[in-house]
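Shown below: start-v5.tsv, with TSV, C-alpha atoms.
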chain	number	residue	atom	x	y	z
A	1	MET	CA	28.89	-25.54	-81.82
A	2	MET	CA	28.79	-21.77	-81.94
A	3	VAL	CA	25.52	-20.00	-81.21
A	4	ALA	CA	24.37	-17.33	-83.64
A	5	ALA	CA	24.48	-13.80	-82.26
A	6	MET	CA	20.75	-13.41	-82.81
A	7	GLU	CA	19.96	-16.60	-80.90
A	8	LEU	CA	22.18	-15.50	-78.02
A	9	GLU	CA	20.49	-12.09	-77.97
A	10	PHE	CA	17.06	-13.72	-77.74
A	11	ALA	CA	18.30	-16.09	-75.03
A	12	TYR	CA	19.50	-13.22	-72.86
A	13	ARG	CA	16.34	-11.26	-73.53
A	14	ASP	CA	14.28	-14.21	-72.33
A	15	CYS	CA	16.32	-14.37	-69.11
A	16	GLU	CA	15.89	-10.63	-68.57
A	17	GLN	CA	12.13	-10.94	-68.93
A	18	ILE	CA	12.05	-13.76	-66.38
A	19	THR	CA	14.13	-11.72	-63.93
A	20	ARG	CA	12.08	-8.56	-64.34
A	21	ARG	CA	8.83	-10.49	-63.87
A	22	GLU	CA	9.83	-12.77	-61.01
A	23	ALA	CA	12.49	-10.94	-59.00
A	24	ALA	CA	11.74	-7.30	-58.35
A	25	ASN	CA	14.27	-6.98	-55.50
A	26	PHE	CA	17.03	-8.60	-57.54
A	27	TYR	CA	16.25	-6.59	-60.65
A	28	TYR	CA	16.32	-3.25	-58.84
A	29	GLY	CA	19.92	-3.97	-57.86
A	30	ILE	CA	21.29	-5.29	-61.13
A	31	ARG	CA	20.01	-2.29	-63.09
A	32	LEU	CA	23.11	-0.50	-61.76
A	33	LEU	CA	25.46	-2.87	-63.63
A	34	PRO	CA	26.89	-2.54	-67.16
A	35	ARG	CA	24.74	-4.25	-69.80
A	36	ASP	CA	26.85	-7.41	-70.25
A	37	LYS	CA	27.10	-8.06	-66.52
A	38	ARG	CA	23.42	-7.31	-66.03
A	39	ARG	CA	22.52	-9.87	-68.70
A	40	ALA	CA	24.80	-12.48	-67.13
A	41	MET	CA	23.12	-11.89	-63.76
A	42	CYS	CA	19.76	-12.44	-65.42
A	43	ALA	CA	20.99	-15.75	-66.86
A	44	VAL	CA	22.03	-16.88	-63.37
A	45	TYR	CA	18.70	-15.79	-61.90
A	46	ALA	CA	16.67	-17.47	-64.67
A	47	PHE	CA	18.41	-20.77	-64.00
A	48	ALA	CA	17.95	-20.41	-60.24
A	49	ARG	CA	14.27	-19.55	-60.78
A	50	ARG	CA	13.72	-22.61	-62.95
A	51	VAL	CA	15.33	-24.92	-60.41
A	52	ASP	CA	13.38	-23.32	-57.56
A	53	ASP	CA	10.12	-23.67	-59.49
A	54	ILE	CA	10.72	-27.43	-59.76
A	55	GLY	CA	10.85	-27.57	-55.97
A	56	ASP	CA	7.64	-25.55	-55.68
A	57	GLU	CA	5.74	-27.36	-58.44
A	58	GLY	CA	2.61	-28.68	-56.75
A	59	GLU	CA	1.48	-30.76	-59.72
A	60	LEU	CA	4.60	-32.93	-59.66
A	61	ASP	CA	5.06	-35.78	-57.20
A	62	ARG	CA	8.38	-36.14	-55.40
A	63	PRO	CA	9.93	-38.70	-57.81
A	64	ALA	CA	9.09	-36.44	-60.76
A	65	GLN	CA	10.67	-33.45	-59.01
A	66	ILE	CA	13.83	-35.43	-58.26
A	67	GLU	CA	13.96	-36.55	-61.89
A	68	ARG	CA	13.60	-32.97	-63.15
A	69	LEU	CA	16.34	-31.77	-60.81
A	70	ALA	CA	18.62	-34.58	-62.02
A	71	ALA	CA	18.02	-33.39	-65.59
A	72	GLU	CA	19.07	-29.85	-64.60
A	73	ARG	CA	22.19	-31.21	-62.92
A	74	GLU	CA	23.02	-33.17	-66.07
A	75	ALA	CA	22.53	-30.03	-68.18
A	76	LEU	CA	25.10	-28.25	-66.03
A	77	ARG	CA	27.72	-30.81	-67.06
A	78	THR	CA	27.56	-29.49	-70.61
A	79	LEU	CA	28.38	-25.89	-69.67
A	80	ALA	CA	32.11	-26.30	-70.18
A	81	ALA	CA	31.47	-27.12	-73.84
A	82	GLY	CA	29.98	-23.66	-74.34
A	83	PRO	CA	26.60	-22.56	-75.73
A	84	ALA	CA	25.13	-25.41	-77.72
A	85	GLY	CA	22.13	-23.71	-79.24
A	86	VAL	CA	19.72	-26.51	-78.44
A	87	GLY	CA	16.63	-24.36	-78.10
A	88	ASP	CA	16.94	-23.77	-74.35
A	89	PRO	CA	17.32	-19.99	-73.90
A	90	VAL	CA	18.25	-20.20	-70.22
A	91	MET	CA	21.03	-22.74	-70.73
A	92	THR	CA	22.24	-20.95	-73.85
A	93	ALA	CA	22.61	-17.67	-71.94
A	94	LEU	CA	24.02	-19.39	-68.85
A	95	ALA	CA	26.66	-21.23	-70.90
A	96	HIS	CA	27.74	-17.97	-72.51
A	97	ALA	CA	27.93	-16.25	-69.08
A	98	HIS	CA	29.82	-19.26	-67.71
A	99	ALA	CA	32.48	-18.89	-70.39
A	100	ARG	CA	32.67	-15.11	-70.14
A	101	TYR	CA	32.83	-14.80	-66.34
A	102	ARG	CA	34.15	-18.20	-65.26
A	103	LEU	CA	31.08	-19.00	-63.21
A	104	PRO	CA	31.83	-21.63	-60.54
A	105	THR	CA	30.03	-24.75	-61.74
A	106	ASP	CA	30.06	-26.19	-58.23
A	107	ALA	CA	27.91	-23.26	-57.06
A	108	LEU	CA	25.30	-24.09	-59.70
A	109	GLU	CA	25.33	-27.73	-58.64
A	110	VAL	CA	24.99	-26.80	-54.95
A	111	LEU	CA	21.99	-24.66	-55.85
A	112	VAL	CA	20.27	-27.76	-57.25
A	113	GLU	CA	21.24	-29.65	-54.08
A	114	GLY	CA	19.54	-27.00	-51.95
A	115	VAL	CA	16.26	-27.32	-53.84
A	116	GLU	CA	16.48	-31.09	-53.41
A	117	LEU	CA	16.50	-30.50	-49.65
A	118	ASP	CA	13.16	-28.71	-50.03
A	119	VAL	CA	11.75	-31.51	-52.19
A	120	LEU	CA	12.80	-34.06	-49.58
A	121	ASP	CA	11.17	-31.94	-46.83
A	122	ALA	CA	14.43	-31.65	-44.96
A	123	GLU	CA	14.07	-30.45	-41.39
A	124	TYR	CA	16.60	-28.31	-39.56
A	125	ARG	CA	17.28	-29.26	-36.00
A	126	THR	CA	20.10	-26.77	-35.44
A	127	PHE	CA	21.03	-23.36	-36.76
A	128	ASP	CA	24.16	-24.83	-38.36
A	129	GLU	CA	21.96	-27.17	-40.39
A	130	LEU	CA	19.83	-24.22	-41.51
A	131	VAL	CA	22.97	-22.28	-42.49
A	132	ARG	CA	24.06	-25.18	-44.69
A	133	TYR	CA	20.72	-24.99	-46.50
A	134	CYS	CA	21.06	-21.21	-46.87
A	135	ARG	CA	24.54	-21.63	-48.32
A	136	CYS	CA	23.13	-24.03	-50.90
A	137	VAL	CA	20.18	-21.95	-52.13
A	138	ALA	CA	21.55	-18.41	-51.61
A	139	GLY	CA	25.25	-18.47	-50.78
A	140	SER	CA	25.77	-20.25	-54.09
A	141	VAL	CA	24.02	-17.38	-55.89
A	142	GLY	CA	26.24	-14.92	-54.03
A	143	ARG	CA	29.34	-16.67	-55.35
A	144	LEU	CA	27.96	-16.72	-58.89
A	145	CYS	CA	27.24	-13.00	-58.73
A	146	LEU	CA	30.73	-12.37	-57.40
A	147	ALA	CA	32.23	-14.13	-60.42
A	148	ILE	CA	30.29	-11.74	-62.68
A	149	PHE	CA	31.25	-8.68	-60.63
A	150	THR	CA	34.96	-9.54	-60.76
A	151	ASP	CA	35.23	-11.23	-64.18
A	152	GLY	CA	36.00	-14.50	-62.41
A	153	THR	CA	39.07	-13.17	-60.58
A	154	ALA	CA	37.80	-13.11	-56.96
A	155	GLY	CA	39.82	-14.89	-54.29
A	156	GLU	CA	38.75	-17.17	-51.45
A	157	GLU	CA	38.08	-14.41	-48.92
A	158	ALA	CA	35.71	-12.58	-51.27
A	159	HIS	CA	33.92	-15.84	-52.09
A	160	ALA	CA	33.41	-16.52	-48.38
A	161	LEU	CA	31.95	-13.05	-47.84
A	162	ALA	CA	29.63	-13.40	-50.85
A	163	ASP	CA	28.47	-16.68	-49.37
A	164	ASP	CA	27.82	-14.93	-46.02
A	165	LEU	CA	25.71	-12.25	-47.70
A	166	GLY	CA	23.68	-14.94	-49.41
A	167	VAL	CA	23.03	-16.57	-46.04
A	168	ALA	CA	21.97	-13.20	-44.58
A	169	MET	CA	19.46	-12.59	-47.35
A	170	GLN	CA	18.07	-16.12	-47.19
A	171	LEU	CA	17.61	-15.86	-43.42
A	172	THR	CA	15.68	-12.65	-44.07
A	173	ASN	CA	13.56	-14.43	-46.67
A	174	ILE	CA	12.81	-17.19	-44.18
A	175	LEU	CA	11.69	-14.70	-41.55
A	176	ARG	CA	9.63	-12.69	-44.04
A	177	ASP	CA	7.90	-15.85	-45.34
A	178	VAL	CA	7.26	-17.63	-42.04
A	179	LEU	CA	3.47	-17.46	-42.48
A	180	GLU	CA	3.50	-18.46	-46.16
A	181	ASP	CA	5.86	-21.38	-45.51
A	182	GLN	CA	3.78	-22.54	-42.58
A	183	GLN	CA	0.70	-22.61	-44.80
A	184	ARG	CA	2.67	-24.85	-47.16
A	185	GLY	CA	3.59	-27.15	-44.29
A	186	ARG	CA	7.20	-25.94	-44.10
A	187	THR	CA	9.07	-24.64	-41.04
A	188	TYR	CA	12.64	-23.51	-41.58
A	189	LEU	CA	13.38	-22.03	-38.16
A	190	PRO	CA	15.57	-24.52	-36.25
A	191	ALA	CA	13.72	-26.92	-33.96
A	192	GLU	CA	16.16	-26.34	-31.08
A	193	ASP	CA	15.46	-22.58	-31.20
A	194	ARG	CA	11.68	-23.07	-31.34
A	195	GLU	CA	11.87	-25.34	-28.33
A	196	ARG	CA	14.17	-22.97	-26.47
A	197	PHE	CA	11.67	-20.11	-26.83
A	198	GLY	CA	8.65	-22.25	-26.01
A	199	CYS	CA	7.04	-22.38	-29.43
A	200	PRO	CA	7.77	-25.73	-31.10
A	201	ASP	CA	4.54	-25.26	-33.11
A	202	LEU	CA	4.49	-21.73	-34.50
A	203	SER	CA	0.74	-21.81	-35.16
A	204	ARG	CA	0.06	-22.37	-31.45
A	205	ALA	CA	2.78	-20.17	-30.01
A	206	GLY	CA	2.02	-17.33	-27.64
A	207	GLU	CA	2.68	-13.85	-29.02
A	208	ARG	CA	5.40	-13.05	-26.49
A	209	GLU	CA	7.26	-16.32	-27.10
A	210	LEU	CA	6.93	-16.01	-30.87
A	211	GLU	CA	8.16	-12.41	-30.85
A	212	ALA	CA	11.22	-13.39	-28.80
A	213	LEU	CA	12.05	-16.23	-31.21
A	214	LEU	CA	11.67	-14.09	-34.33
A	215	ARG	CA	13.70	-11.23	-32.85
A	216	TYR	CA	16.47	-13.67	-31.93
A	217	GLU	CA	16.66	-15.03	-35.47
A	218	ALA	CA	16.45	-11.53	-37.00
A	219	GLU	CA	19.38	-10.38	-34.88
A	220	ARG	CA	21.33	-13.38	-36.15
A	221	ALA	CA	20.58	-12.38	-39.74
A	222	GLU	CA	21.78	-8.87	-38.93
A	223	GLN	CA	25.12	-10.26	-37.78
A	224	TRP	CA	25.52	-12.17	-41.05
A	225	PHE	CA	24.85	-8.96	-42.98
A	226	ASP	CA	27.41	-7.03	-40.94
A	227	ARG	CA	30.06	-9.64	-41.67
A	228	GLY	CA	29.18	-10.13	-45.33
A	229	MET	CA	29.18	-6.43	-46.19
A	230	ARG	CA	32.98	-6.48	-46.01
A	231	LEU	CA	32.63	-7.77	-49.56
A	232	MET	CA	32.41	-4.13	-50.70
A	233	GLU	CA	36.19	-3.86	-50.29
A	234	PHE	CA	36.66	-6.28	-53.20
A	235	LEU	CA	34.26	-4.70	-55.72
A	236	ASP	CA	34.33	-1.86	-58.23
A	237	VAL	CA	31.91	1.03	-57.70
A	238	ARG	CA	29.09	-0.22	-59.95
A	239	SER	CA	29.23	-3.76	-58.58
A	240	ALA	CA	29.33	-2.43	-55.02
A	241	SER	CA	26.33	-0.23	-55.84
A	242	CYS	CA	24.43	-3.28	-57.06
A	243	VAL	CA	25.18	-5.19	-53.86
A	244	GLN	CA	24.34	-2.15	-51.72
A	245	ALA	CA	20.97	-1.85	-53.47
A	246	MET	CA	20.04	-5.53	-53.12
A	247	THR	CA	21.20	-5.86	-49.54
A	248	GLY	CA	19.62	-2.48	-48.71
A	249	ILE	CA	16.19	-3.78	-49.69
A	250	TYR	CA	16.61	-6.88	-47.56
A	251	ARG	CA	18.00	-4.93	-44.62
A	252	ARG	CA	15.00	-2.61	-44.66
A	253	ILE	CA	12.74	-5.65	-44.54
A	254	LEU	CA	14.83	-7.01	-41.68
A	255	ASP	CA	14.62	-3.67	-39.85
A	256	ARG	CA	10.84	-3.81	-40.08
A	257	ILE	CA	10.85	-7.32	-38.66
A	258	LEU	CA	13.02	-6.16	-35.77
A	259	GLU	CA	10.60	-3.29	-35.10
A	260	ASP	CA	7.65	-5.67	-34.83
A	261	PRO	CA	8.65	-9.34	-35.19
A	262	ALA	CA	5.12	-10.71	-34.83
A	263	GLN	CA	3.92	-8.90	-37.97
A	264	VAL	CA	5.35	-11.67	-40.15
A	265	MET	CA	2.53	-13.87	-38.85
A	266	ARG	CA	-0.01	-11.36	-40.15
A	267	GLY	CA	1.24	-11.06	-43.71
A	268	ARG	CA	4.25	-10.65	-45.97
A	269	ILE	CA	6.43	-7.55	-45.57
A	270	SER	CA	7.38	-5.82	-48.80
A	271	LEU	CA	8.70	-2.47	-50.02
A	272	SER	CA	6.96	-0.23	-52.54
A	273	PRO	CA	8.62	0.45	-55.93
A	274	LEU	CA	9.38	3.99	-54.72
A	275	GLU	CA	11.13	2.66	-51.61
A	276	LYS	CA	13.16	0.22	-53.72
A	277	THR	CA	14.23	3.00	-56.07
A	278	TRP	CA	15.26	5.10	-53.09
A	279	VAL	CA	17.29	2.23	-51.65
A	280	ALA	CA	18.98	1.67	-55.02
A	281	ALA	CA	19.90	5.37	-55.22
A	282	ARG	CA	21.30	5.27	-51.70
A	283	GLY	CA	23.31	2.19	-52.65
A	284	LEU	CA	24.90	4.07	-55.53
A	285	VAL	CA	25.86	6.96	-53.28
A	286	ALA	CA	27.10	4.70	-50.46
A	287	ALA	CA	29.24	2.57	-52.77
A	288	GLY	CA	30.78	5.66	-54.36
A	289	GLY	CA	31.61	7.04	-50.95
A	290	GLU	CA	33.23	3.80	-49.83
A	291	HIS	CA	35.53	3.80	-52.85
A	292	LEU	CA	36.52	7.44	-52.41
A	293	ARG	CA	37.95	6.84	-48.96

Translate the structure of the given file into C-alpha cells.
Amino acid sequence: MMVAAMELEFAYRDCEQITRREAANFYYGIRLLPRDKRRAMCAVYAFARRVDDIGDEGELDRPAQIERLAAEREALRTLAAGPAGVGDPVMTALAHAHARYRLPTDALEVLVEGVELDVLDAEYRTFDELVRYCRCVAGSVGRLCLAIFTDGTAGEEAHALADDLGVAMQLTNILRDVLEDQQRGRTYLPAEDRERFGCPDLSRAGERELEALLRYEAERAEQWFDRGMRLMEFLDVRSASCVQAMTGIYRRILDRILEDPAQVMRGRISLSPLEKTWVAARGLVAAGGEHLR
C-alpha cells in the first residue's frame, strides 16, 4: 500500500527530531548531506536508537526485552514490501529509505543481534569477540550509511571499510564510557587484556596499570580509524565531508583519551558545540581537498 506524501513527510520529520535530540555527534555530520540523504540517515538512526533503547530499558525484564527485539526483527521482514503506512513513523521512513537506497537488510538484522548481546550480558574474553560485537552495533550502521552515500552501489571493499570505521567509533565509545558502563555493571574491555595489564577489576585497578590498559586499547582504535578512512576514496565530496565530520569528532575524543587515558574514569569526555562545528567545517575542507588530488 502506498504511503501518502504527507504521512511520509511527517515520518521523516519525526526521525529527524529523534536524531537531533539524541545524537549530536551524528547530526553534526549528516547536516553536510543533501536533504534526501540526510533524511534517510535520520531514519536509520531512529531505528538504531529505538533498538538500542530496548537494550537499555531498565523497567523491562530480560524476557520482555528479548520479546521486543524479536518484534523489531519481525518488522524488518516487511521492509521489502515498501512503506505500509501502519502508524509507525520510524518504520515508514525506514521502508522508504530501504527502497530508495537499497539498504542492506542483513545489516539492520545484525544491529538487533548486537543489542541482544547487551541484553544477554555477553562478556568478551578476547579482542576478536569484542570486535564482533562492534561490527554488530556499529559496523552495521556504517554499511547502512554507505548504502545511502552511494545510492546502494558500493562494492565489497567499500562495505568492509565502512564496517571498519564503525568498529573504530564503537571502540572509542567504549573507552569514553568506561565509567558509565561500569556503573551499570558492564565491562566491554576484553578480559584477557585486563588480566594482561593487571587490572581484571577496573574499579580496583592501580592508576598506572589502568592507564596502560586504556592507552593500549585507544591505540588499537586509532589503527582501525587509519584503515577505515580509506573509505573516502569511494565517496563523493559531500558524503566524504559527512564521514570526515563524524569521524573527526570521535578522533578528537580519542586524542584526548590518548593524552590522559585515566580521565575516562573521572567523567565522560565530550566536545562543545563550537568544537563540533569546527570539526565539521574541517571535514568539508579535507574532503574537498582529497577529491581535488

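For the choices A:Ile66, A:Cys15, A:Leu189, A:Ile148, the atom-to-atom distance to Lys37 of chain A is smallest for A:Ile148 when using all atoms listed in the file.
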
Residue nearest Asp177 of chain A - candidates A:Arg266, A:Lys276, A:Arg68, A:Arg13, atoms counted: all atoms listed in the file: A:Arg266

Proximity to Met246 of chain A - best of A:Leu79, A:Ala43, A:Met229, A:Ala205, all atoms listed in the file: A:Met229

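Of the listed residues (A:Ala221, A:Ala154, A:Leu33, A:Leu165), A:Ala154 comes nearest to Tyr101 of chain A; the distances count only C-alpha atoms.
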
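Minimum atom-to-atom distance to Glu116 of chain A, evaluated using all atoms listed in the file, belongs to A:Asp56 out of A:Asp56, A:Glu222, A:Glu259, A:Glu22.
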
Shell of 12 Å around Ala138 of chain A, all atoms listed in the file, local chain residues under 4 positions omitted, as a VMD selection string: chain A and resid 44 to 45 48 to 49 52 107 to 108 110 to 115 130 to 134 142 to 145 162 to 174

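With only the atoms specified (all atoms listed in the file) counting, those residues at most 8 Å away from (13.0, -7.9, -32.6) are Glu211, Ala212, Leu214, Arg215, Tyr216, Ala218, Glu219, Ile257, Leu258, Glu259, Asp260 and Pro261 of chain A.
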
Atomic distance atom CA of Arg73 of chain A - atom CA of Arg184 of chain A, expressed in Å with one decimal: 25.9 Å

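Nearest-residue note for Phe149 of chain A: choosing from A:Leu120, A:Leu235, A:Ile54, A:Leu161, the minimum distance belongs to A:Leu235, counting only C-alpha atoms.
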
Gap from atom CA of Leu8 of chain A to atom CA of Ala40 of chain A - Å, one decimal: 11.6 Å

Let me have the centre and edge lengths in Å, one decimal, of the box along x, y and z around every listed atom of segment 120-130 of chain A with 3 Å of margin on each side, as AutoDock Vina command-line options.
--center_x 17.7 --center_y -28.7 --center_z -42.5 --size_x 19.0 --size_y 16.7 --size_z 20.1

Exercise: Arg50 of chain A partners within 10 Å, all atoms listed in the file, chain neighbours under 3 positions left out, as a VMD selection string: chain A and resid 18 45 to 47 53 to 56 69 72 90

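In this structure, atom CA of Ala11 of chain A sits 5.5 Å away from atom CA of Ala93 of chain A.
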
Test item: which residues lie within 10 Å of (17.6, -5.9, -59.3) counting all atoms listed in the file, as an MDAnalysis selection string: chainID A and resid 19:20 23:33 38 41:42 242:243 245:246 249 276 280

Polymer residues at most 10 Å from Arg100 of chain A, all atoms listed in the file, same-chain spacing of 2 or more positions, as a PyMOL selection string: chain A and resi 36-37+40+82+94-98+102-103+147-148+151-152

Kindly add N, CA and C atoms to the incomplete segment 104-135 of chain A and provide the output as a short mmCIF file (atom, residue, chain, number, x, y, z; two decimals), in the coordinates of the input.
data_model
loop_
_atom_site.label_atom_id
_atom_site.label_comp_id
_atom_site.auth_asym_id
_atom_site.auth_seq_id
_atom_site.Cartn_x
_atom_site.Cartn_y
_atom_site.Cartn_z
N PRO A 104 31.48 -20.37 -61.22
CA PRO A 104 31.83 -21.63 -60.54
C PRO A 104 30.72 -22.67 -60.70
N THR A 105 31.03 -23.71 -61.46
CA THR A 105 30.03 -24.75 -61.74
C THR A 105 29.56 -25.41 -60.45
N ASP A 106 30.46 -25.55 -59.47
CA ASP A 106 30.06 -26.19 -58.23
C ASP A 106 28.96 -25.40 -57.53
N ALA A 107 28.96 -24.07 -57.68
CA ALA A 107 27.91 -23.26 -57.06
C ALA A 107 26.56 -23.54 -57.71
N LEU A 108 26.55 -23.74 -59.01
CA LEU A 108 25.30 -24.09 -59.70
C LEU A 108 24.80 -25.45 -59.25
N GLU A 109 25.72 -26.39 -59.07
CA GLU A 109 25.33 -27.73 -58.64
C GLU A 109 24.81 -27.72 -57.20
N VAL A 110 25.44 -26.91 -56.34
CA VAL A 110 24.99 -26.80 -54.95
C VAL A 110 23.61 -26.18 -54.88
N LEU A 111 23.32 -25.26 -55.79
CA LEU A 111 21.99 -24.66 -55.85
C LEU A 111 20.92 -25.74 -56.08
N VAL A 112 21.19 -26.65 -56.99
CA VAL A 112 20.27 -27.76 -57.25
C VAL A 112 20.14 -28.62 -55.99
N GLU A 113 21.25 -28.85 -55.31
CA GLU A 113 21.24 -29.65 -54.08
C GLU A 113 20.34 -29.02 -53.03
N GLY A 114 20.38 -27.68 -52.93
CA GLY A 114 19.54 -27.00 -51.95
C GLY A 114 18.07 -27.18 -52.23
N VAL A 115 17.67 -27.12 -53.50
CA VAL A 115 16.26 -27.32 -53.84
C VAL A 115 15.85 -28.76 -53.56
N GLU A 116 16.77 -29.69 -53.75
CA GLU A 116 16.48 -31.09 -53.41
C GLU A 116 16.15 -31.23 -51.92
N LEU A 117 16.82 -30.46 -51.08
CA LEU A 117 16.50 -30.50 -49.65
C LEU A 117 15.05 -30.10 -49.40
N ASP A 118 14.56 -29.11 -50.15
CA ASP A 118 13.16 -28.71 -50.03
C ASP A 118 12.23 -29.83 -50.51
N VAL A 119 12.58 -30.43 -51.64
CA VAL A 119 11.75 -31.51 -52.19
C VAL A 119 11.66 -32.67 -51.21
N LEU A 120 12.75 -32.95 -50.53
CA LEU A 120 12.80 -34.06 -49.58
C LEU A 120 12.25 -33.68 -48.21
N ASP A 121 11.72 -32.43 -48.10
CA ASP A 121 11.17 -31.94 -46.83
C ASP A 121 12.18 -32.03 -45.70
N ALA A 122 13.39 -31.62 -45.99
CA ALA A 122 14.43 -31.65 -44.96
C ALA A 122 14.03 -30.76 -43.79
N GLU A 123 14.34 -31.22 -42.59
CA GLU A 123 14.07 -30.45 -41.39
C GLU A 123 15.40 -30.01 -40.79
N TYR A 124 15.38 -28.89 -40.08
CA TYR A 124 16.60 -28.31 -39.56
C TYR A 124 16.53 -28.27 -38.04
N ARG A 125 17.29 -29.16 -37.45
CA ARG A 125 17.28 -29.26 -36.00
C ARG A 125 18.09 -28.12 -35.38
N THR A 126 19.20 -27.79 -35.98
CA THR A 126 20.10 -26.77 -35.44
C THR A 126 20.26 -25.60 -36.41
N PHE A 127 20.78 -24.52 -35.90
CA PHE A 127 21.03 -23.36 -36.76
C PHE A 127 22.11 -23.68 -37.78
N ASP A 128 23.11 -24.46 -37.41
CA ASP A 128 24.16 -24.83 -38.36
C ASP A 128 23.58 -25.59 -39.55
N GLU A 129 22.60 -26.44 -39.29
CA GLU A 129 21.96 -27.17 -40.39
C GLU A 129 21.20 -26.21 -41.30
N LEU A 130 20.55 -25.21 -40.71
CA LEU A 130 19.83 -24.22 -41.51
C LEU A 130 20.81 -23.39 -42.33
N VAL A 131 21.96 -23.04 -41.76
CA VAL A 131 22.97 -22.28 -42.49
C VAL A 131 23.46 -23.06 -43.70
N ARG A 132 23.63 -24.36 -43.54
CA ARG A 132 24.06 -25.18 -44.69
C ARG A 132 23.05 -25.08 -45.82
N TYR A 133 21.77 -25.14 -45.48
CA TYR A 133 20.72 -24.99 -46.50
C TYR A 133 20.80 -23.61 -47.14
N CYS A 134 20.97 -22.57 -46.34
CA CYS A 134 21.06 -21.21 -46.87
C CYS A 134 22.26 -21.05 -47.79
N ARG A 135 23.36 -21.69 -47.45
CA ARG A 135 24.54 -21.63 -48.32
C ARG A 135 24.24 -22.28 -49.66
#
